[in-house]
Amino acid sequence: MLWPSIARPGSRRWVGRWALAAWLLAAGLAVARFVKRPGAMEAGLLWALLTAFLALLAGKTEPLLTFYFATAGLILVVSLIETSRSMAIDDELTGLPGRRALNEELLKLGSRYAIAMVDIDHFKDFNDDHGHDVGDQLLRKVGARLLSVGGGGKAFRYGGEEFSVLFDGKTMEEAAPVLDKFRAEMAAAPFIVRARSRPRKKPSTTPLPAGSQKKVSVTVSIGVAEPDGTQGTPDQVIKAADAALYRAKRSGRNRLCT
């Protein structure tokens, strides 16, 4: 009833039931994947399955079958292209846009903007003391905080332990207080490092053993710059912000320089 007979007379209903069962199984798995990890590919798969279901309902109507299956294929191709593009421009570890995305944004800028370079202080020592897995956790924490930095700032993972924040349409004077607030919040919120022997889940009845976690102070240094008479291009502004960042490092870290 749902699918044309492909085996022998009288088998149409049997084939239809199996086609529907297969679709329901695929749809259930696709929904579970989308709930767990929503993304362009997952959304495209759901829409393609919906279109395939419409094809099942179309039965022997040849033009509709061709249209629905062609549409499903097109949806999958578009979602694959979007996923590939996202993988190319987004940083997988922090979830922030990467350096390539920053370069694309720089091409759209007008004459008024500010760029900040943010660097985690003593990150190499942190990695040596606690391991790269804990270092990755710290990078994710900083990335998550920069994602909601406010003030119209858009954060990017620049590379390593360095991030950049673009304030399109803002001056350096407008961006600096927002960034300094972020710096102060990072310094005031210690990073909690779990001991390797600490259980993954917190026990519901017994307290955690002593030494299962410790608090580590984490600070960042920030350099900010904007275009002026000597630095007119975005690349020059980034270099100026980077120079201001290193002045902040040499001045004792945990500070902002313009």
# chains A, B, ... in the order shown; residues from 1 in each chain; ligands from 1
call {"tool": "residues_around", "arguments": {"residues": "segment 146-163 of chain A", "least_positions_apart": "4", "cutoff": "10 Å", "atoms": "only C-alpha atoms", "output": "ChimeraX atom specification"}}
result
/A:90-102,105,114-124,135-136,138-142,167-170,174-179,181-182,220-222
call {"tool": "atom_distance", "arguments": {"atom1": "atom CA of Arg145 of chain A", "atom2": "atom CA of Leu245 of chain A"}}
result
19.0 Å
call {"tool": "atom_distance", "arguments": {"atom1": "atom CA of Asp180 of chain A", "atom2": "atom CA of Thr233 of chain A"}}
result
24.6 Å
call {"tool": "atom_distance", "arguments": {"atom1": "atom CA of Ile192 of chain A", "atom2": "atom CA of Ser164 of chain A"}}
result
24.4 Å
